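What follows is one structure encoded as structure tokens, with my remarks underneath.
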Amino acid sequence: MAKVLFHRNNELVELITGDRLLSIDDIKSSLISFGCMRGTCGMCTINVFEGDENLSEMGERECNTLKKFGHCLKRTRLACQCSIKGDIVIEKL
Ligand code: FES
């Protein structure tokens, strides 16, 4: 299991290691807005405060979408495109 802590409201969610951040209904419904689930709309953009090494590598589609929306920061990710490998602290942008 891996813990996802939401920086702004201290809400904590546990995920199975290897799950995508947007694969859990609790997160989908209340904590991270989402749209396409394919890495193209940018609605699920998050800022990773801690544990960026605990997320899967960024793919070309995710990188291109983040650039398209002006999010070129190292710790900015698309929640629908990354899988979790360990504990992280995030905030929805
Ligand atoms: S839901 Fe569209 S990019 Fe993640």
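Scheme for the structure tokens: letters A, B, ... for chains in order shown; per-chain residue numbers from 1; ligand numbers from 1 in order shown.
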
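Neighbours of segment 37-52 of chain A closer than or equal to 8 Å, with only C-alpha atoms counted and sequence neighbours fewer than 4 positions away skipped, come out as His7, Ile32, Ser33, Arg61, Glu62, Thr65, Leu66, Phe69, Arg75, Thr76, Arg77, Leu78, Ala79, Cys80, Gln81, Gly86, Asp87, Ile88, Val89, Ile90, Glu91, Lys92 and Leu93 of chain A.
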
Name the residues in contact with Thr17 of chain A at a cut-off of 10 Å, using only C-alpha atoms, excluding same-chain residues fewer than 6 positions from it; report them as a PyMOL selection string.
chain A and resi 1-3+54-55+83-87

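Among the residues of chain A, backbone DSSP assigns helix (DSSP H, G or I) to Leu21, Leu22, Ser23, Asp25, Asp26, Ile27, Lys28, Ser29, Ser30, Leu31, Asp52, Glu53, Asn54, Glu60, Arg61, Glu62, Cys63, Asn64, Thr65, Leu66, Lys67 and Lys68 of chain A.
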
Those residues with C-alpha atoms, as a PDB file, in the first residue's frame please?
ATOM      1  CA  LEU A  21      -3.811   7.902  -9.011  1.00  0.00           C
ATOM      2  CA  LEU A  22      -7.175   8.207 -10.723  1.00  0.00           C
ATOM      3  CA  SER A  23      -8.061   4.530 -10.484  1.00  0.00           C
ATOM      4  CA  ASP A  25     -13.346   6.026  -6.874  1.00  0.00           C
ATOM      5  CA  ASP A  26     -12.690   8.075  -3.714  1.00  0.00           C
ATOM      6  CA  ILE A  27     -10.131  10.177  -5.512  1.00  0.00           C
ATOM      7  CA  LYS A  28     -12.161  10.455  -8.682  1.00  0.00           C
ATOM      8  CA  SER A  29     -15.254  11.660  -6.928  1.00  0.00           C
ATOM      9  CA  SER A  30     -13.952  14.251  -4.525  1.00  0.00           C
ATOM     10  CA  LEU A  31     -10.285  15.106  -4.584  1.00  0.00           C
ATOM     11  CA  ASP A  52       7.917  12.485  -6.933  1.00  0.00           C
ATOM     12  CA  GLU A  53      10.366   9.578  -7.111  1.00  0.00           C
ATOM     13  CA  ASN A  54       7.445   7.368  -6.017  1.00  0.00           C
ATOM     14  CA  GLU A  60       5.523  11.335 -23.989  1.00  0.00           C
ATOM     15  CA  ARG A  61       1.780  12.029 -24.029  1.00  0.00           C
ATOM     16  CA  GLU A  62       1.791  13.313 -20.444  1.00  0.00           C
ATOM     17  CA  CYS A  63       4.832  15.492 -21.111  1.00  0.00           C
ATOM     18  CA  ASN A  64       3.287  16.961 -24.264  1.00  0.00           C
ATOM     19  CA  THR A  65      -0.009  17.738 -22.508  1.00  0.00           C
ATOM     20  CA  LEU A  66       1.728  19.429 -19.566  1.00  0.00           C
ATOM     21  CA  LYS A  67       3.758  21.551 -21.991  1.00  0.00           C
ATOM     22  CA  LYS A  68       0.622  22.439 -23.955  1.00  0.00           C
TER      23      LYS A  68
END

So that I can check the secondary structure, give me every residue of chain A assigned strand (DSSP E or B) by backbone DSSP, as a list in words.
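The strand (DSSP E or B) residues within chain A come out as Ala2, Lys3, Val4, Leu5, Phe6, Glu11, Leu12, Val13, Glu14, Leu15, Arg20, Thr45, Ile46, Asn47, Val48, Phe49, Glu50, Leu55, Thr76, Arg77, Leu78, Ser83, Ile84, Ile88, Val89, Ile90, Glu91 and Lys92 of chain A.
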
Prev. selection, C-alpha atoms, output as a PDB file, in the first residue's frame:
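again_12.pdb was written with the following content:
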ATOM      1  CA  ALA A   2       1.034   3.609  -0.582  1.00  0.00           C
ATOM      2  CA  LYS A   3      -0.309   6.770   1.029  1.00  0.00           C
ATOM      3  CA  VAL A   4      -1.472   9.837  -0.892  1.00  0.00           C
ATOM      4  CA  LEU A   5      -1.682  12.934   1.297  1.00  0.00           C
ATOM      5  CA  PHE A   6      -3.460  15.996  -0.091  1.00  0.00           C
ATOM      6  CA  GLU A  11      -6.908  14.270   3.418  1.00  0.00           C
ATOM      7  CA  LEU A  12      -5.203  10.875   3.293  1.00  0.00           C
ATOM      8  CA  VAL A  13      -5.981   8.076   0.827  1.00  0.00           C
ATOM      9  CA  GLU A  14      -4.304   4.664   0.606  1.00  0.00           C
ATOM     10  CA  LEU A  15      -3.718   3.052  -2.764  1.00  0.00           C
ATOM     11  CA  ARG A  20      -2.966   4.864 -11.115  1.00  0.00           C
ATOM     12  CA  THR A  45      -3.006  18.200 -13.238  1.00  0.00           C
ATOM     13  CA  ILE A  46      -1.420  17.915  -9.793  1.00  0.00           C
ATOM     14  CA  ASN A  47       1.617  19.365  -8.075  1.00  0.00           C
ATOM     15  CA  VAL A  48       3.759  16.801  -6.248  1.00  0.00           C
ATOM     16  CA  PHE A  49       5.158  18.279  -3.034  1.00  0.00           C
ATOM     17  CA  GLU A  50       6.929  15.155  -1.793  1.00  0.00           C
ATOM     18  CA  LEU A  55       5.521   7.933  -9.241  1.00  0.00           C
ATOM     19  CA  THR A  76       3.763  18.673 -12.087  1.00  0.00           C
ATOM     20  CA  ARG A  77       2.009  15.514 -13.242  1.00  0.00           C
ATOM     21  CA  LEU A  78      -1.250  14.254 -14.726  1.00  0.00           C
ATOM     22  CA  SER A  83       1.076   5.038 -11.146  1.00  0.00           C
ATOM     23  CA  ILE A  84       2.105   5.109  -7.524  1.00  0.00           C
ATOM     24  CA  ILE A  88       3.420  11.018  -1.946  1.00  0.00           C
ATOM     25  CA  VAL A  89       2.102  14.467  -0.989  1.00  0.00           C
ATOM     26  CA  ILE A  90       0.152  16.249  -3.728  1.00  0.00           C
ATOM     27  CA  GLU A  91      -2.080  19.221  -4.443  1.00  0.00           C
ATOM     28  CA  LYS A  92      -4.583  19.685  -7.246  1.00  0.00           C
TER      29      LYS A  92
END

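Shortest atom-to-atom contact with ligand 1 among A:Gly18, A:Gly35, A:Gly70, A:Gly59: A:Gly35, counting only C-alpha atoms and all ligand atoms.
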
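Between ligand 1 and the residues A:Lys74, A:Cys36, A:Ser56, A:Ile16, the shortest atom-to-atom distance, using only C-alpha atoms and all ligand atoms, involves A:Cys36.
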